[in-house]
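Containing mmCIF, C-alpha atoms: query.cif.
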```
data_target
#
loop_
_atom_site.label_atom_id
_atom_site.label_comp_id
_atom_site.auth_asym_id
_atom_site.auth_seq_id
_atom_site.Cartn_x
_atom_site.Cartn_y
_atom_site.Cartn_z
CA MET E 1 308.40 16.72 -44.11
CA LYS E 2 311.30 14.32 -43.70
CA LEU E 3 310.23 10.67 -43.91
CA PRO E 4 311.64 8.14 -41.44
CA SER E 5 314.58 6.19 -42.80
CA LEU E 6 314.40 2.45 -43.42
CA ASN E 7 316.69 1.83 -40.47
CA HIS E 8 314.44 3.92 -38.22
CA ARG E 9 311.37 1.97 -39.32
CA LEU E 10 313.18 -1.32 -38.81
CA SER E 11 314.26 -0.21 -35.35
CA GLU E 12 310.70 0.62 -34.30
CA TYR E 13 309.39 -2.61 -35.79
CA VAL E 14 311.84 -4.92 -34.02
CA ARG E 15 311.96 -3.01 -30.73
CA ALA E 16 308.27 -3.70 -30.32
CA THR E 17 309.13 -7.40 -29.91
CA TRP E 18 311.10 -6.75 -26.72
CA THR E 19 309.19 -3.69 -25.49
CA PRO E 20 306.26 -4.57 -23.19
CA PRO E 21 302.83 -3.35 -24.36
CA PHE E 22 302.06 -1.87 -20.93
CA SER E 23 303.49 1.05 -18.96
CA GLN E 24 304.67 -0.81 -15.84
CA PRO E 25 308.42 -1.46 -15.59
CA LEU E 26 309.23 -5.08 -16.46
CA PRO E 27 312.47 -6.69 -15.23
CA SER E 28 314.27 -8.09 -18.29
CA ASN E 29 317.59 -8.22 -20.10
CA ALA E 30 316.12 -6.56 -23.19
CA ASP E 31 319.09 -4.23 -23.67
CA GLN E 32 321.56 -7.12 -23.64
CA TYR E 33 319.33 -9.14 -25.96
CA ALA E 34 318.98 -6.25 -28.41
CA SER E 35 322.75 -5.85 -28.61
CA GLN E 36 323.29 -9.49 -29.54
CA VAL E 37 320.39 -10.45 -31.81
CA SER E 38 320.08 -9.94 -35.56
CA TRP E 39 317.43 -7.27 -36.03
CA TRP E 40 316.68 -8.53 -39.53
CA GLN E 41 315.98 -12.01 -38.18
CA VAL E 42 313.70 -10.58 -35.50
CA ALA E 43 311.88 -8.51 -38.14
CA ARG E 44 311.49 -11.56 -40.35
CA ARG E 45 310.07 -13.66 -37.50
CA ARG E 46 307.55 -11.00 -36.54
CA ALA E 47 306.54 -10.40 -40.16
CA LEU E 48 305.95 -14.11 -40.79
CA ARG E 49 303.76 -14.37 -37.70
CA GLU E 50 301.77 -11.29 -38.69
CA LEU E 51 301.30 -12.65 -42.19
CA ASN E 52 300.17 -15.99 -40.79
CA LEU E 53 297.46 -14.28 -38.75
CA ALA E 54 296.39 -12.11 -41.68
CA TRP E 55 296.39 -15.03 -44.13
CA HIS E 56 293.95 -16.89 -41.91
CA GLY E 57 291.66 -13.90 -41.53
CA GLN E 58 292.40 -13.24 -37.86
CA GLY E 59 293.07 -9.51 -38.10
CA PRO E 60 289.43 -8.35 -37.72
CA LEU E 61 288.94 -10.72 -34.78
CA GLN E 62 291.67 -9.25 -32.58
CA CYS E 63 290.46 -7.47 -29.44
CA THR E 64 292.45 -4.90 -27.52
CA ARG E 65 290.48 -5.37 -24.32
CA ILE E 66 288.46 -7.97 -22.43
CA ASP E 67 284.88 -6.77 -22.15
CA LEU E 68 283.46 -8.64 -19.19
CA ALA E 69 279.93 -7.87 -20.32
CA VAL E 70 280.53 -9.66 -23.63
CA HIS E 71 283.42 -12.06 -23.05
CA ARG E 72 281.78 -14.38 -20.53
CA ARG E 73 283.22 -17.69 -21.76
CA VAL E 74 286.98 -17.50 -22.21
CA LEU E 75 289.52 -20.04 -23.44
CA TRP E 76 293.21 -19.51 -22.62
CA ILE E 77 295.46 -21.28 -25.11
CA HIS E 78 298.91 -21.81 -23.64
CA GLN E 79 300.92 -24.33 -25.66
CA GLY E 80 304.49 -24.98 -26.70
CA THR E 81 305.98 -24.23 -23.26
CA PRO E 82 307.34 -27.51 -21.87
CA GLN E 83 308.70 -26.16 -18.58
CA VAL E 84 306.63 -26.41 -15.41
CA GLY E 85 308.03 -23.14 -14.09
CA ASP E 86 307.26 -21.14 -17.22
CA SER E 87 303.70 -22.45 -17.25
CA LEU E 88 303.12 -21.53 -13.60
CA MET E 89 304.51 -18.04 -14.15
CA ASP E 90 302.71 -17.40 -17.45
CA LEU E 91 299.31 -18.45 -16.08
CA ALA E 92 299.64 -16.92 -12.61
CA ALA E 93 297.59 -13.86 -13.58
CA ARG E 94 294.44 -15.95 -14.11
CA VAL E 95 293.45 -14.96 -10.57
CA LEU E 96 292.49 -11.54 -11.98
CA LEU E 97 289.62 -13.31 -13.79
CA LYS E 98 288.47 -15.35 -10.81
CA GLY E 99 284.72 -14.93 -10.34
CA ARG E 100 284.52 -12.33 -13.10
CA VAL E 101 283.69 -14.57 -16.06
CA GLU E 102 281.20 -17.39 -16.50
CA ARG E 103 283.96 -19.85 -17.32
CA LEU E 104 287.68 -19.78 -17.97
CA ASP E 105 289.06 -22.91 -19.63
CA LEU E 106 292.65 -23.86 -20.41
CA LEU E 107 294.09 -25.61 -23.45
CA THR E 108 297.69 -26.59 -22.74
CA ASP E 109 300.25 -29.36 -23.22
CA ALA E 110 299.32 -32.77 -21.80
CA HIS E 111 302.24 -33.01 -19.36
CA LEU E 112 301.13 -29.78 -17.65
CA LEU E 113 297.50 -30.71 -17.03
CA GLY E 114 298.26 -32.02 -13.55
CA LEU E 115 299.16 -28.51 -12.43
CA TYR E 116 295.62 -27.25 -13.07
CA ARG E 117 293.20 -30.18 -12.81
CA HIS E 118 292.01 -29.01 -9.39
CA ASP E 119 292.40 -25.31 -10.02
CA ASP E 120 290.00 -22.86 -8.39
CA VAL E 121 290.04 -20.51 -11.40
CA PHE E 122 290.11 -22.68 -14.50
CA THR E 123 286.76 -24.37 -15.05
CA GLN E 124 288.09 -27.05 -17.37
CA VAL E 125 291.60 -27.97 -18.54
CA ALA E 126 292.50 -30.12 -21.54
CA SER E 127 295.26 -30.85 -24.03
CA SER E 128 292.83 -31.46 -26.90
CA PRO E 129 290.06 -29.13 -28.12
CA ALA E 130 287.81 -32.18 -28.38
CA ASP E 131 287.85 -32.43 -24.58
CA LEU E 132 286.60 -28.88 -24.03
CA GLY E 133 282.99 -27.89 -23.62
CA GLY E 134 282.84 -24.47 -25.24
CA PRO E 135 281.51 -22.46 -26.96
CA TYR E 136 283.69 -19.41 -26.29
CA ASP E 137 283.29 -15.68 -26.60
CA LEU E 138 287.03 -14.98 -26.49
CA VAL E 139 290.33 -16.78 -26.85
CA LEU E 140 293.29 -15.56 -24.84
CA LEU E 141 296.14 -16.44 -27.19
CA HIS E 142 299.35 -16.59 -25.24
CA GLY E 143 301.80 -16.34 -28.14
CA THR E 144 301.89 -16.12 -31.92
CA SER E 145 304.15 -19.04 -32.74
CA SER E 146 302.82 -21.65 -35.14
CA ARG E 147 302.39 -24.07 -32.21
CA SER E 148 300.32 -21.54 -30.30
CA LEU E 149 298.15 -20.79 -33.33
CA LYS E 150 297.53 -24.36 -34.41
CA ASP E 151 294.43 -25.01 -32.32
CA LYS E 152 293.14 -21.44 -32.61
CA LEU E 153 293.12 -21.71 -36.39
CA GLY E 154 292.02 -25.32 -36.48
CA ASN E 155 289.19 -25.21 -33.95
CA PHE E 156 288.39 -21.63 -32.94
CA ARG E 157 289.05 -19.77 -36.17
CA ARG E 158 286.04 -17.48 -35.90
CA VAL E 159 286.28 -16.73 -32.17
CA PRO E 160 287.59 -13.24 -31.27
CA PHE E 161 290.95 -13.27 -29.53
CA ALA E 162 293.28 -11.12 -27.49
CA HIS E 163 297.04 -11.41 -27.28
CA MET E 164 298.70 -12.09 -23.96
CA GLN E 165 302.39 -12.23 -24.84
CA GLY E 166 301.78 -11.72 -28.55
CA PHE E 167 304.91 -10.84 -30.49
CA TYR E 168 306.94 -10.18 -27.33
CA THR E 169 309.73 -12.73 -27.35
CA GLY E 170 313.47 -13.09 -26.95
CA PRO E 171 314.70 -11.55 -23.69
CA GLU E 172 314.79 -13.14 -20.28
CA PHE E 173 312.02 -11.41 -18.35
CA ASN E 174 309.76 -11.78 -15.34
CA ARG E 175 306.93 -13.84 -16.78
CA THR E 176 304.76 -13.56 -13.67
CA LEU E 177 304.78 -9.77 -13.69
CA PHE E 178 304.30 -9.69 -17.47
CA GLY E 179 301.12 -11.75 -17.12
CA PHE E 180 299.66 -9.62 -14.35
CA TYR E 181 300.47 -6.32 -16.04
CA ARG E 182 299.16 -7.48 -19.42
CA LEU E 183 295.93 -9.01 -18.15
CA ALA E 184 295.26 -5.94 -16.01
CA GLN E 185 295.75 -3.84 -19.16
CA LEU E 186 293.31 -5.98 -21.16
CA LEU E 187 290.76 -5.75 -18.34
CA ARG E 188 291.25 -2.00 -17.98
CA SER E 189 291.78 -2.83 -14.33
CA PRO E 190 291.93 0.05 -11.83
CA LEU E 191 294.57 -1.81 -9.79
CA GLY E 192 297.78 0.16 -9.47
CA LEU E 193 301.35 -1.10 -9.60
CA ASP E 194 301.60 -1.77 -5.85
CA ALA E 195 298.36 -3.73 -5.76
CA LEU E 196 299.35 -5.86 -8.76
CA ASP E 197 302.79 -6.55 -7.31
CA ARG E 198 301.21 -7.75 -4.06
CA LEU E 199 299.16 -10.28 -6.04
CA ALA E 200 301.81 -11.39 -8.50
CA ARG E 201 302.79 -14.94 -7.63
CA PRO E 202 302.01 -18.36 -9.14
CA SER E 203 299.34 -20.56 -7.61
CA MET E 204 298.14 -24.15 -7.79
CA GLN E 205 295.96 -26.52 -5.77
CA ALA E 206 296.58 -30.11 -4.83
CA SER E 207 293.73 -32.59 -5.10
CA PRO E 208 292.07 -33.95 -1.92
CA ASP E 209 293.80 -37.29 -2.54
CA GLU E 210 297.19 -35.57 -2.85
CA GLU E 211 296.60 -33.61 0.34
CA ALA E 212 295.60 -36.81 2.13
CA ALA E 213 298.68 -38.66 0.89
CA ILE E 214 300.97 -36.00 2.34
CA GLU E 215 298.98 -35.81 5.57
CA ARG E 216 299.56 -39.54 6.06
CA LEU E 217 303.32 -38.97 6.01
CA GLY E 218 303.08 -37.21 9.36
CA LEU E 219 305.98 -34.86 8.62
CA PRO E 220 307.55 -33.28 11.70
CA VAL E 221 306.63 -29.68 12.39
CA ARG E 222 309.12 -27.08 11.14
CA SER E 223 310.75 -29.43 8.62
CA ILE E 224 312.97 -27.98 5.91
CA ALA E 225 312.51 -29.11 2.30
CA VAL E 226 315.51 -29.29 -0.03
CA ALA E 227 314.93 -29.69 -3.78
CA LEU E 228 317.64 -31.87 -5.34
CA GLY E 229 318.82 -32.42 -8.90
CA GLY E 230 318.27 -30.46 -12.06
CA VAL E 231 318.22 -30.73 -15.83
CA ARG E 232 321.21 -28.48 -16.52
CA ASP E 233 324.56 -28.68 -14.72
CA TRP E 234 324.91 -24.93 -14.23
CA ARG E 235 321.52 -24.84 -12.49
CA THR E 236 322.11 -27.94 -10.34
CA TYR E 237 323.50 -27.29 -6.87
CA THR E 238 325.93 -29.95 -5.63
CA ARG E 239 326.96 -28.41 -2.31
CA TRP E 240 323.95 -29.40 -0.23
CA PRO E 241 326.00 -31.65 2.10
CA GLU E 242 328.11 -28.63 3.08
CA VAL E 243 324.98 -26.50 3.53
CA LEU E 244 323.35 -29.03 5.85
CA ARG E 245 326.54 -29.35 7.89
CA GLY E 246 326.62 -25.57 8.15
CA LEU E 247 323.03 -25.43 9.34
CA ARG E 248 323.73 -28.10 11.93
CA ALA E 249 326.81 -26.23 13.13
CA ALA E 250 324.65 -23.10 13.48
CA GLY E 251 322.35 -24.97 15.85
CA LEU E 252 319.56 -26.08 13.52
CA ARG E 253 317.84 -29.30 14.56
CA ALA E 254 314.95 -29.45 12.10
CA PRO E 255 314.42 -32.58 9.97
CA VAL E 256 315.23 -32.20 6.27
CA VAL E 257 312.84 -33.50 3.61
CA LEU E 258 314.60 -34.38 0.35
CA LEU E 259 312.56 -33.69 -2.77
CA GLY E 260 313.11 -33.94 -6.50
CA SER E 261 312.60 -36.11 -9.54
CA ASP E 262 314.81 -39.04 -10.48
CA ASN E 263 317.66 -36.72 -11.47
CA GLY E 264 317.96 -35.87 -7.79
CA ILE E 265 318.78 -39.46 -6.77
CA PRO E 266 322.60 -39.07 -6.98
CA MET E 267 322.52 -36.09 -4.62
CA ARG E 268 320.11 -37.91 -2.32
CA ASP E 269 322.56 -40.79 -2.11
CA ALA E 270 325.43 -38.38 -1.45
CA LEU E 271 323.50 -36.73 1.37
CA GLN E 272 322.58 -40.04 2.94
CA ALA E 273 326.23 -41.07 2.86
CA ALA E 274 327.43 -37.75 4.28
CA ASP E 275 327.61 -36.99 7.97
CA THR E 276 325.39 -33.90 8.07
CA GLY E 277 324.16 -34.36 11.63
CA LEU E 278 320.55 -33.76 10.54
CA SER E 279 317.65 -36.19 10.19
CA LEU E 280 316.90 -36.83 6.51
CA ILE E 281 313.49 -37.84 5.14
CA ASP E 282 313.82 -39.22 1.62
CA ARG E 283 310.90 -38.36 -0.69
CA VAL E 284 312.87 -38.06 -3.96
CA GLY E 285 311.02 -39.39 -7.00
CA GLN E 286 307.98 -40.42 -4.96
CA HIS E 287 305.45 -37.64 -5.51
CA SER E 288 303.35 -35.85 -8.08
CA LEU E 289 303.78 -32.09 -8.36
CA GLY E 290 300.50 -31.66 -6.51
CA GLU E 291 301.83 -33.75 -3.63
CA VAL E 292 305.08 -31.76 -3.64
CA HIS E 293 303.01 -28.58 -3.41
CA ALA E 294 301.06 -30.00 -0.45
CA LEU E 295 304.28 -31.17 1.22
CA MET E 296 306.01 -27.81 0.81
CA ARG E 297 303.05 -26.03 2.40
CA ARG E 298 303.72 -28.03 5.56
CA CYS E 299 307.40 -27.00 5.72
CA ALA E 300 308.99 -24.03 7.43
CA LEU E 301 311.44 -23.41 4.59
CA VAL E 302 312.30 -24.60 1.08
CA LEU E 303 315.87 -24.54 -0.26
CA CYS E 304 316.21 -24.91 -4.02
CA ALA E 305 318.02 -23.90 -7.17
CA ASP E 306 316.18 -22.26 -10.06
CA GLY E 307 313.88 -24.81 -11.69
CA GLY E 308 310.37 -26.19 -11.68
CA LEU E 309 310.30 -26.92 -7.95
CA LEU E 310 311.21 -23.32 -7.17
CA HIS E 311 307.96 -22.21 -8.78
CA VAL E 312 306.01 -24.96 -7.06
CA ALA E 313 307.47 -23.59 -3.81
CA HIS E 314 306.21 -20.15 -4.78
CA THR E 315 302.71 -21.59 -5.21
CA ALA E 316 302.98 -22.98 -1.67
CA ASP E 317 303.59 -19.47 -0.30
CA VAL E 318 306.34 -20.55 2.10
CA PRO E 319 309.73 -18.98 2.85
CA VAL E 320 312.23 -19.93 0.15
CA VAL E 321 315.96 -19.57 -0.38
CA ALA E 322 316.53 -19.67 -4.13
CA LEU E 323 319.80 -20.03 -6.03
CA PHE E 324 320.30 -18.52 -9.48
CA ALA E 325 323.25 -18.20 -11.84
CA GLY E 326 324.54 -16.65 -15.03
CA LEU E 327 322.07 -14.77 -17.19
CA ILE E 328 319.12 -15.83 -15.01
CA GLU E 329 318.92 -13.04 -12.47
CA PRO E 330 316.58 -13.32 -9.48
CA ARG E 331 314.51 -10.37 -10.70
CA PHE E 332 313.48 -12.44 -13.72
CA ARG E 333 311.91 -15.13 -11.52
CA VAL E 334 311.01 -13.63 -8.13
CA THR E 335 308.38 -11.01 -7.28
CA ALA E 336 307.62 -8.95 -4.20
CA ALA E 337 304.74 -11.33 -3.45
CA ASN E 338 307.14 -14.26 -3.02
CA ARG E 339 308.63 -14.94 0.42
CA THR E 340 312.00 -15.55 -1.18
CA LEU E 341 315.60 -14.71 -0.41
CA SER E 342 317.66 -14.97 -3.60
CA LEU E 343 321.35 -15.69 -4.19
CA HIS E 344 323.15 -15.48 -7.50
CA GLY E 345 326.27 -17.26 -8.76
CA LYS E 346 328.40 -15.73 -11.48
CA THR E 347 328.41 -18.78 -13.79
CA THR E 348 326.78 -21.70 -12.00
CA VAL E 349 324.70 -22.08 -8.86
CA ASP E 350 327.69 -23.85 -7.28
CA ASP E 351 329.39 -20.43 -7.35
CA VAL E 352 327.07 -19.35 -4.53
CA PRO E 353 329.11 -19.65 -1.30
CA VAL E 354 327.86 -22.24 1.17
CA ALA E 355 328.08 -19.70 3.98
CA ASP E 356 325.68 -17.40 2.12
CA VAL E 357 323.15 -20.20 1.69
CA VAL E 358 323.38 -21.06 5.40
CA LEU E 359 322.98 -17.44 6.52
CA SER E 360 320.04 -16.89 4.17
CA ALA E 361 318.34 -20.07 5.39
CA LEU E 362 318.71 -18.98 9.01
CA ALA E 363 317.41 -15.51 8.16
CA ALA E 364 314.42 -16.94 6.33
CA MET E 365 313.60 -19.24 9.25
CA ALA E 366 313.86 -16.31 11.64
CA ARG E 367 311.45 -14.24 9.55
#
```
The structure in this file should be written as structure tokens.
Amino acid sequence: MKLPSLNHRLSEYVRATWTPPFSQPLPSNADQYASQVSWWQVARRRALRELNLAWHGQGPLQCTRIDLAVHRRVLWIHQGTPQVGDSLMDLAARVLLKGRVERLDLLTDAHLLGLYRHDDVFTQVASSPADLGGPYDLVLLHGTSSRSLKDKLGNFRRVPFAHMQGFYTGPEFNRTLFGFYRLAQLLRSPLGLDALDRLARPSMQASPDEEAAIERLGLPVRSIAVALGGVRDWRTYTRWPEVLRGLRAAGLRAPVVLLGSDNGIPMRDALQAADTGLSLIDRVGQHSLGEVHALMRRCALVLCADGGLLHVAHTADVPVVALFAGLIEPRFRVTAANRTLSLHGKTTVDDVPVADVVLSALAAMAR
């Protein structure tokens, strides 16, 4: 019998890092990624992570399923992901465990705790193992990087674990769908593809104080929220004055609520100086993410470029017009459960024509 060649073995070994562990189709740019990456570097990275797990005696503890009769107290370790949007997408599938386990706790980075402090699925959230109650029957280990493993090995070394993302890394992919498909696989869930897709969207809850703070604003009914600013130039839309003028010319009279962090202040100033013909309500740099979530839920539409506030808008379950560009295709961020119309610019979000944004906004409002 002919033995597989070294190249064939290498191919199988590295392809597993960009091939999902489930059967459902996952939107990704895996083919493009595979054509550009060094397969030897990918193999080395996977091998080092496997050796790290084996060296610390984790191999026998790995579970290939979540047994709800045994795994009643679960800890989800999700660390090393600084972006708000990635966190919301990665953890969206927690709803599949709602009411099915005794407790589901979260260990994550400190700056993300505000997203989940008032969650209706996570029992307790913390950035330090010392702040968790425990004990646990199972750890859901999101990744296998050294950062992800640090607290597992340091504080929960003997607790059985299951991989969520595991060794899958590299391509751009739909993180929300990945989480739902993977958790359904671990649960041996009977839910089919259509049912999972209908559920697959991020979620969060504002605190009662955050809800009350937004209620006190007394926002006009049918307001439109516009998320300003951005961290990267190619994902920062600068044509909002033209868009608002276009909406006004099309007959829109709704007030516009301006949202964003401090990097949205220059665009806020530009909009206030522009003659858009629409009433502007400035809330830039004045709210927590929970308050932004509560505010968006009171709006008829959210306009935004790809970024953290897009995913907060998805948690609010409101109509959204979202702008993407370059290698970030809408299918990597949006699911069928989102009420989102997506536009894509070739290189930057400013490549999206103003007329297309206006027409999409009107269509979303009409729906």
Restricting the calculation to only C-alpha atoms, which member of E:Gly192, E:Gly80, E:Gly307, E:Pro241 is positioned closest to Thr144 in chain E?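 Looking at the shortest contact to Thr144 in chain E, the residue is E:Gly80.
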Take the PyMOL selection byres ((chain E and resi 281) around 10), run it mentally on this structure, and tell me the resulting residues as a count of residues only. 18
Find the distance between CA of Ala249 in chain E and CA of Gly277 in chain E and write it in Å to one decimal.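 Computing it gives 8.7 Å between the two atoms.
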Which residues match the PyMOL selection byres ((chain E and resi 22-31) around 7) in the file above, as an NGL selection string? :E and (18 or 20-21 or 32-35 or 171-174 or 178 or 181-182 or 185 or 331-332)
For Thr17 in chain E, the nearest of the candidates E:Leu196, E:Ile66, E:Gly134, E:Gly143, counting only C-alpha atoms: E:Gly143
For this structure, which residues satisfy the selection - the PyMOL selection byres ((chain E and resi 289) around 10) - when it is evaluated on the file as given? I want them as a ChimeraX atom specification. /E:84,112,114-115,204-206,210,260-261,286-288,290-295,308-309,312
Non-local contacts of Asp233 in chain E (12 Å; only C-alpha atoms; under 2 positions in same chain excluded) as JSON, numbers by chain: {"E": [229, 230, 231, 235, 236, 237, 238, 263, 264, 305, 306, 307, 325, 347, 348, 349, 350]}
Please determine, counting all atoms listed in the file, which residue among E:Trp240, E:Phe122, E:Phe156, E:Phe324 has the shortest atom-to-atom distance to Leu61 in chain E.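 Distance minimum relative to Leu61 in chain E lands on E:Phe156.
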Figure out the distance between CA of Ser203 in chain E and CA of Ala162 in chain E, please, to one decimal in Å.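 CA of Ser203 in chain E lies at a distance of 22.8 Å from CA of Ala162 in chain E.
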Quick one: residues within 10 Å of (290.4, -11.6, -23.8) (file frame), counting only C-alpha atoms, please, as a VMD selection string. chain E and resid 62 to 68 71 to 76 137 to 141 160 to 164 183 186 to 187
Size and centre in Å, one decimal, axis-aligned box, all listed range 107-126 of chain E atoms plus 4 Å per side, as AutoDock Vina command-line options:
```
--center_x 294.5 --center_y -26.8 --center_z -15.9 --size_x 23.5 --size_y 20.5 --size_z 23.1
```
Take CA of Ala316 in chain E and CA of Ala274 in chain E and report the distance between them in Å, one decimal.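 CA of Ala274 in chain E lies 29.2 Å from CA of Ala316 in chain E.
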Under the rule that only C-alpha atoms are counted, which of E:Tyr168, E:Trp39, E:Pro202, E:Asp109 is the nearest residue to Val95 in chain E? E:Pro202
Residue contacts of Leu301 in chain E (8 Å, only C-alpha atoms) excluding same-chain residues fewer than 5 positions away, as a count of residues only: 12
Selected residue of minimal separation from Thr335 in chain E among E:Leu106, E:Leu199, E:Leu191, E:Leu113, counting only C-alpha atoms: E:Leu199
Counting all atoms listed in the file, the residue of E:Ala110, E:Leu96, E:Val42, E:Ala212 that sits nearest Arg188 in chain E: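 Between E:Ala110, E:Leu96, E:Val42, E:Ala212, the residue approaching Arg188 in chain E most closely is E:Leu96.
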Using only C-alpha atoms, which protein or nucleic acid residues come within 9 Å of Asp317 in chain E? Drop anything in the same chain fewer than 4 positions from it, and give the result as a PyMOL selection string. chain E and resi 201+203+296-297+313+337-339
Can you take the partial range 328-352 of chain E, add N, CA and C atoms, and return it as a compact mmCIF listing (two decimals), in the coordinates of the input?
```
# COMPACT_ATOMS: atom_id res chain seq x y z
N ILE E 328 320.41 -15.80 -15.71
CA ILE E 328 319.12 -15.83 -15.01
C ILE E 328 319.26 -15.09 -13.69
N GLU E 329 318.86 -13.84 -13.68
CA GLU E 329 318.92 -13.04 -12.47
C GLU E 329 317.66 -13.25 -11.63
N PRO E 330 317.76 -13.13 -10.32
CA PRO E 330 316.58 -13.32 -9.48
C PRO E 330 315.38 -12.46 -9.87
N ARG E 331 315.63 -11.25 -10.35
CA ARG E 331 314.51 -10.37 -10.70
C ARG E 331 313.70 -10.89 -11.87
N PHE E 332 314.23 -11.85 -12.62
CA PHE E 332 313.48 -12.44 -13.72
C PHE E 332 312.55 -13.56 -13.25
N ARG E 333 312.69 -13.99 -12.01
CA ARG E 333 311.91 -15.13 -11.52
C ARG E 333 311.12 -14.82 -10.24
N VAL E 334 311.59 -13.87 -9.45
CA VAL E 334 311.01 -13.63 -8.13
C VAL E 334 310.25 -12.30 -8.15
N THR E 335 309.14 -12.25 -7.42
CA THR E 335 308.38 -11.01 -7.28
C THR E 335 308.28 -10.63 -5.81
N ALA E 336 307.77 -9.43 -5.57
CA ALA E 336 307.62 -8.95 -4.20
C ALA E 336 306.62 -9.79 -3.42
N ALA E 337 305.74 -10.50 -4.11
CA ALA E 337 304.74 -11.33 -3.45
C ALA E 337 305.31 -12.66 -2.98
N ASN E 338 306.49 -13.03 -3.46
CA ASN E 338 307.14 -14.26 -3.02
C ASN E 338 307.89 -14.02 -1.71
N ARG E 339 307.90 -15.02 -0.86
CA ARG E 339 308.63 -14.94 0.42
C ARG E 339 310.01 -15.56 0.22
N THR E 340 310.78 -14.93 -0.67
CA THR E 340 312.00 -15.55 -1.18
C THR E 340 313.22 -14.68 -0.96
N LEU E 341 314.28 -15.32 -0.44
CA LEU E 341 315.60 -14.71 -0.41
C LEU E 341 316.41 -15.33 -1.54
N SER E 342 316.99 -14.49 -2.39
CA SER E 342 317.66 -14.97 -3.60
C SER E 342 319.16 -14.77 -3.52
N LEU E 343 319.90 -15.76 -4.07
CA LEU E 343 321.35 -15.69 -4.19
C LEU E 343 321.72 -15.99 -5.63
N HIS E 344 322.80 -15.37 -6.09
CA HIS E 344 323.15 -15.48 -7.50
C HIS E 344 324.63 -15.82 -7.67
N GLY E 345 324.90 -16.88 -8.44
CA GLY E 345 326.27 -17.26 -8.76
C GLY E 345 326.67 -16.70 -10.11
N LYS E 346 327.94 -16.37 -10.26
CA LYS E 346 328.40 -15.73 -11.48
C LYS E 346 328.18 -16.59 -12.72
N THR E 347 328.53 -17.88 -12.64
CA THR E 347 328.41 -18.78 -13.79
C THR E 347 327.48 -19.94 -13.53
N THR E 348 327.63 -20.58 -12.38
CA THR E 348 326.78 -21.70 -12.00
C THR E 348 326.24 -21.47 -10.59
N VAL E 349 325.22 -22.23 -10.22
CA VAL E 349 324.70 -22.08 -8.86
C VAL E 349 325.70 -22.56 -7.82
N ASP E 350 326.64 -23.43 -8.22
CA ASP E 350 327.69 -23.85 -7.28
C ASP E 350 328.64 -22.71 -6.93
N ASP E 351 328.57 -21.60 -7.68
CA ASP E 351 329.39 -20.43 -7.35
C ASP E 351 328.85 -19.68 -6.14
N VAL E 352 327.63 -19.99 -5.73
CA VAL E 352 327.07 -19.35 -4.53
C VAL E 352 327.76 -19.94 -3.31
```
